[in-house]
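Undergrad: Quick one: the structure is below, and I'll ask about it shortly.
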Amino acid sequence: MDRKKKRTKGRLQQYLAWPACFAAAVAAVNGIVVFVDRTAGLVMLPLTASCVIGAGLLWWYQRTRLYQDVLNLTEDNAQIQRRILSGLPVPYGLMDEDGRILWGNDRLEELLKGEKKNRRILWEILPEVKEKALPTGEEPSLCHIERENKFYRLEIEHIALSGEMVSAEALGVHREGGNLYTVYLFDETAEVRYKRDRDDERLVVGLIYLDNYDEVLESIEEVRRSLMVALIDRKVNRYVMRMDGLLKKIEKDKYLVLVKKKYVAAMQEDKFALLEDVKTVSIGNDLTVTISIGLGVGSGSYTKNFDYARAAIDMALGRGGDQAVIKDKDNIRYYGGKSRQMEKNTRVKARVKAHALRELIENSEKVLIMGHSNGDVDSFGAGVGVHRIACMLGKHAHIVADTIGAQLRPMLERVQGSLEGDDRLLISREEAIEMVDSSTLIVVVDVNRPSYTECPDILTKGSNIVVLDHHRQMAERLENAVLSYVEPYASSACELVAEILQYVDDDLRISSSEADIMYAGIVVDTNNFVSKTGVRTFEAAAFLRRSGADVVRVRKMLRDNMDDYKAKAAAVSQAEIFEQSFAISVCEAEGLASPTVVGAQAANELLNIVGVRASFVLTPHNGVIYISARSIDEVNVQVIMEKFGGGGHMTIAGAQLRDCSIEDAKALVKETVTKMAEEGDI
């Protein structure tokens, strides 16, 4: 303010100096006239005296009044500015670089009512606004916020308190130094609601598939089959009609659905009640009817939404069915999936996949086989089976693995000794990356998530990828696989590979050591044929027994050493029961060659305790906490592990936590399980 006053005073002095300059000029002329003509000079002297006296009076007596008039005018101008800004219909304010609101007009004060004036920090009041939102250049920064059920577009602009800009004093703000910013909030509630209403009216494309149509019809008398189909159609049609949707049956077990997007929220809220409702259809059928639902949302075109719906239904089926999947541009959401996957009795799919795999191997020069990181018996056994197929077809094949667990070393030595020639069974990651080219076939076994594989880098270099897995698919999956055989109903990857071996070639023979390892993979993943064991599991085991697998040798290979057994016993003895039916414990990894395997074994052992519905064992190893989750039949541990970015099966699942202490991990697991149990999600 002082600087501005000085500039104003200087301008007034210029205006007030004109009379003094004029009087001085008249006096100088008068002096010249006196020098030329004394009489004329005396005549002019009164005029000169009056000019000098007038200039003096104007300077000494009128200057203060002029200053006061200018100050009054400035104050009036400031009052007018303040009244205009205070009554501005747009919320408007002034803040400093720390986000502190220094002044706000009436509309902004109404918006911030209840906030203490001395603690009004913009990004604390409005969390949507970040400190980094301050503009760095001349352009204002923009942000969209919501407050009191209204939506605003917030603009922040840097101001310079000079020139014709509104002065800080005009706003009643006194601040020395620093940067000041203006804050505008433009109400866009109507616009946002119009957009939401328009978005809610968009059509969402959905697909509904009956998971076990043929199996259910086969379980009832032929005369009742038409009634069964009619009851299922009625259930599905009533559910869709409640949402003013359109339903079209495109095949005997497939439906096309069109509903408005605003009803999707209702489906999510009731967790797709149709999944459970259709299970109530019963006219003497032995099997329960289950369906899968896939919805595609979030795209501007119906064609794209239909593509999303097909991807969603594929994901639902790939995860075992009996669930709903919603896919939009950015993410995938899952609902349901609580029931067991139904085993398919037909082997047509296995035969088709076997022939396709043989053709791909025949058209490749090299074959690289890769399981998940920290490979177990199942991934190694499945890799050995695929290796045998490649060798039978005359191709060079290798399993990618940098390290091998203590449990697998005896198996590796047996298989390596039975191989013909000098080819190595295992190669390192570096060697694998160098070998990959356009003629290399990459076979991924026992995993379908790229980040979980032994060497994700070769997946980006290779274009010919095959996936053989038995885990439920997640949002992260191998999208560019030329052949994908993912069957969640299967007990293990070794079971899938054993079936493929029977159809690749009639003359294919595997050695007893290879049969032992694959048999061991099935034994481990089924916990001695107790968990996830179906008819085809025993058929695969029978094939391996005929190929030379020996139960006694397998049992010897799978025996624990003393340190592993003690660690497993300690984990079981220290287990804690929470929510009356869930067991949780920690398996110490120090001194163990395969700590994650021991942790999984401890989780299996906890299920033998009366009253335990599910068990969770946490194993810290190499900076990562591995969670092994197990259940018998009542709890779906797979959906629990998905909350931590993991996955698996209904009764066998796992996940990994990073940057987390063991105490925090235990608390997080307890909190998640408790919440999901209360909400009925497991």
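Residues are named by chain letter and number: chains run A, B, ... in the order of the structure tokens, numbers start at 1 in each chain, and ligands are numbered from 1 in the order shown.
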Any idea what's packed within 7 Å of segment 363-379 of chain A, counting only C-alpha atoms, ignoring anything in its chain fewer than 5 positions away? Could you give it as a list in words?
TA: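 Neighbouring residues, sequence-local ones excluded: Lys395, His396, Ala397, His398, Ile399, Val400, Leu408, Ser439, Thr440, Leu441, Ile442, Val443, Val444, Val445, Asp446, Val447, Tyr452, Thr453, Glu454, Ser492, Ala493, Cys494, Ala520, Gly521, Ile522 and Asp525 of chain A.
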Undergrad: Check segment 119-331 of chain A with DSSP on the backbone and list each residue it calls strand (DSSP E), as an MDAnalysis selection string.
TA: chainID A and resid 141:147 150:159 180:187 203:210 246:251 254:260 291:296 323:327
Undergrad: Just checking: using only C-alpha atoms, which residue out of A:Leu247, A:Val240, A:Val617, A:Leu102 ends up closest to Leu180 of chain A?
TA: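 Using only C-alpha atoms, the shortest distance to Leu180 of chain A belongs to A:Leu102.
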Undergrad: Residues within 12 Å of Ala571 of chain A, please, as number ranges by chain. Count only C-alpha atoms; anything in the same chain fewer than 2 positions from it doesn't count.
TA: A: 564-569, 573-576, 583-589, 595, 598-606, 615-619
Undergrad: Do you know which residues are at most 8 Å from Gly337 of chain A counting only C-alpha atoms, after dropping those on the same chain fewer than 4 positions away, and could you put them as a list of chain:residue names?
TA: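 Close residues of Gly337 of chain A: A:Arg319, A:Gly320, A:Gly321, A:Asp322, A:Gln323, A:Ala324, A:Val639.
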Undergrad: Got a sec: who's within 12 Å of Arg555 of chain A, counting only C-alpha atoms, leaving out chain neighbours fewer than 4 positions off, as a list of chain:residue names?
TA: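 Counting only C-alpha atoms, the residues come to A:Gln407, A:Asp516, A:Ile517, A:Tyr519, A:Ala520, A:Gly521, A:Val523, A:Val524, A:Asn528, A:Ala549, A:Asp550, A:Val551, A:Arg559, A:Asp560.
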Undergrad: For Gln502 of chain A, find every residue with an atom within 9 Å (counting only C-alpha atoms), except residues of its own chain fewer than 6 positions away, and show them as a PyMOL selection string.
TA: chain A and resi 351+354+508+543
Undergrad: For those residues, write C-alpha atoms to a file as a PDB file, in the first residue's frame.
TA:
```
ATOM      1  CA  ARG A 351      -7.991 -84.385 -27.179  1.00  0.00           C
ATOM      2  CA  ALA A 354      -3.421 -82.253 -27.358  1.00  0.00           C
ATOM      3  CA  LEU A 508       4.277 -92.067 -26.780  1.00  0.00           C
ATOM      4  CA  PHE A 543      -2.283 -93.793 -16.612  1.00  0.00           C
TER       5      PHE A 543
END
```
Undergrad: Applying 8 Å and only C-alpha atoms, which residues near Ser484 of chain A remain after dropping the ones on its own chain fewer than 6 positions away? List them as a ChimeraX atom specification.
TA: /A:466-468
Undergrad: Nearest residue to Ala614 of chain A out of A:Arg546, A:Lys670, A:Arg424, A:Arg388, using only C-alpha atoms?
TA: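 Among the listed residues, A:Lys670 lies closest to Ala614 of chain A.
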Undergrad: Write out as JSON, numbers by chain all residues of segment 150-388 of chain A that backbone DSSP assigns to helix (DSSP H, G or I).
TA: {"A": [169, 170, 171, 189, 190, 191, 192, 193, 194, 195, 196, 197, 198, 199, 200, 213, 214, 215, 216, 217, 218, 222, 223, 224, 225, 226, 227, 228, 229, 230, 231, 232, 233, 234, 235, 236, 237, 238, 239, 240, 241, 261, 262, 263, 264, 265, 266, 267, 268, 269, 274, 275, 276, 277, 278, 279, 280, 302, 303, 304, 305, 306, 307, 308, 309, 310, 311, 312, 313, 314, 315, 316, 317, 318, 348, 349, 350, 351, 352, 353, 354, 355, 356, 357, 358, 359, 360, 361, 362, 377, 378, 379, 380, 381, 382, 383, 384, 385, 386, 387, 388]}
Undergrad: Would you save the residues from that selection as a short mmCIF file (atom, residue, chain, number, x, y, z; two decimals), in the first residue's frame, using C-alpha atoms?
TA:
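As written to disk, result_32.cif reads:
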```
data_model
loop_
_atom_site.label_atom_id
_atom_site.label_comp_id
_atom_site.auth_asym_id
_atom_site.auth_seq_id
_atom_site.Cartn_x
_atom_site.Cartn_y
_atom_site.Cartn_z
CA GLU A 169 -6.23 -4.09 0.59
CA ALA A 170 -9.43 -3.90 -1.44
CA LEU A 171 -10.27 -7.36 -0.18
CA THR A 189 -24.03 -29.99 -10.69
CA ALA A 190 -26.65 -29.89 -13.43
CA GLU A 191 -24.10 -30.76 -16.09
CA VAL A 192 -22.73 -33.69 -14.09
CA ARG A 193 -26.20 -35.03 -13.39
CA TYR A 194 -27.21 -34.72 -17.04
CA LYS A 195 -24.11 -36.69 -18.01
CA ARG A 196 -24.84 -39.33 -15.36
CA ASP A 197 -28.44 -39.63 -16.47
CA ARG A 198 -27.31 -40.02 -20.07
CA ASP A 199 -24.71 -42.59 -19.01
CA ASP A 200 -27.26 -44.51 -16.94
CA TYR A 213 -26.54 -77.70 -19.10
CA ASP A 214 -25.78 -81.13 -20.59
CA GLU A 215 -24.79 -82.70 -17.28
CA VAL A 216 -27.97 -81.52 -15.53
CA LEU A 217 -30.26 -82.76 -18.30
CA GLU A 218 -28.55 -86.13 -18.29
CA GLU A 222 -36.10 -87.40 -20.60
CA VAL A 223 -39.76 -86.44 -20.15
CA ARG A 224 -38.78 -83.86 -17.53
CA ARG A 225 -36.03 -82.18 -19.51
CA SER A 226 -38.31 -79.72 -21.29
CA LEU A 227 -39.78 -78.70 -17.93
CA MET A 228 -36.29 -78.20 -16.52
CA VAL A 229 -35.35 -75.95 -19.45
CA ALA A 230 -38.59 -73.98 -19.09
CA LEU A 231 -38.00 -73.39 -15.37
CA ILE A 232 -34.47 -72.17 -16.02
CA ASP A 233 -35.68 -69.87 -18.81
CA ARG A 234 -38.36 -68.48 -16.49
CA LYS A 235 -35.86 -67.72 -13.73
CA VAL A 236 -33.51 -65.93 -16.11
CA ASN A 237 -36.32 -64.07 -17.90
CA ARG A 238 -37.91 -62.82 -14.67
CA TYR A 239 -34.59 -61.55 -13.39
CA VAL A 240 -33.93 -59.59 -16.58
CA MET A 241 -37.49 -58.28 -16.90
CA LYS A 261 -26.46 -49.25 -17.10
CA LYS A 262 -28.32 -47.83 -14.11
CA TYR A 263 -29.47 -51.35 -13.21
CA VAL A 264 -25.93 -52.70 -13.02
CA ALA A 265 -25.53 -51.12 -9.59
CA ALA A 266 -28.64 -52.98 -8.40
CA MET A 267 -27.17 -56.26 -9.68
CA GLN A 268 -23.96 -55.57 -7.82
CA GLU A 269 -25.83 -54.66 -4.65
CA LEU A 274 -29.74 -64.92 -10.15
CA LEU A 275 -26.62 -66.98 -9.42
CA GLU A 276 -28.26 -68.40 -6.30
CA ASP A 277 -31.84 -68.24 -7.55
CA VAL A 278 -31.22 -70.56 -10.50
CA LYS A 279 -29.77 -73.17 -8.14
CA THR A 280 -33.23 -73.60 -6.60
CA TYR A 302 -22.24 -51.42 -28.32
CA THR A 303 -19.85 -53.50 -30.40
CA LYS A 304 -17.07 -52.81 -27.93
CA ASN A 305 -19.34 -53.56 -24.99
CA PHE A 306 -20.19 -56.89 -26.60
CA ASP A 307 -16.47 -57.64 -26.91
CA TYR A 308 -16.10 -56.79 -23.21
CA ALA A 309 -19.03 -59.09 -22.40
CA ARG A 310 -17.44 -61.99 -24.30
CA ALA A 311 -14.16 -61.41 -22.49
CA ALA A 312 -16.05 -61.29 -19.17
CA ILE A 313 -17.92 -64.55 -19.81
CA ASP A 314 -14.67 -66.22 -20.87
CA MET A 315 -13.13 -65.04 -17.63
CA ALA A 316 -16.09 -66.38 -15.63
CA LEU A 317 -15.90 -69.76 -17.33
CA GLY A 318 -12.12 -69.83 -16.99
CA VAL A 348 -13.08 -84.04 -26.19
CA LYS A 349 -11.48 -80.78 -25.14
CA ALA A 350 -8.35 -82.54 -23.88
CA ARG A 351 -7.99 -84.38 -27.18
CA VAL A 352 -8.42 -81.18 -29.21
CA LYS A 353 -5.86 -79.34 -27.09
CA ALA A 354 -3.42 -82.25 -27.36
CA HIS A 355 -3.57 -82.23 -31.15
CA ALA A 356 -3.17 -78.45 -31.24
CA LEU A 357 -0.16 -78.63 -28.91
CA ARG A 358 1.47 -81.30 -31.07
CA GLU A 359 1.02 -79.17 -34.19
CA LEU A 360 2.55 -76.13 -32.50
CA ILE A 361 5.56 -78.12 -31.28
CA GLU A 362 6.09 -79.65 -34.72
CA VAL A 377 6.40 -80.52 -7.59
CA ASP A 378 3.30 -79.89 -9.72
CA SER A 379 4.89 -77.24 -11.95
CA PHE A 380 8.07 -79.30 -12.32
CA GLY A 381 6.15 -82.49 -13.06
CA ALA A 382 3.98 -80.77 -15.68
CA GLY A 383 7.12 -79.31 -17.25
CA VAL A 384 8.69 -82.78 -17.40
CA GLY A 385 5.58 -84.11 -19.17
CA VAL A 386 5.67 -81.38 -21.82
CA HIS A 387 9.42 -81.96 -22.18
CA ARG A 388 8.72 -85.61 -23.00
#
```
Undergrad: Have a look at atom CA of Glu476 of chain A and atom CA of Leu496 of chain A and let me know their distance in Å, one decimal.
TA: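 We find that atom CA of Glu476 of chain A and atom CA of Leu496 of chain A lie 21.7 Å from each other.
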Undergrad: So the first atom is atom CA of Phe272 of chain A and the second is atom CA of Thr290 of chain A; what is the distance between them in Å, to one decimal place?
TA: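 These two atoms are separated by 12.5 Å.
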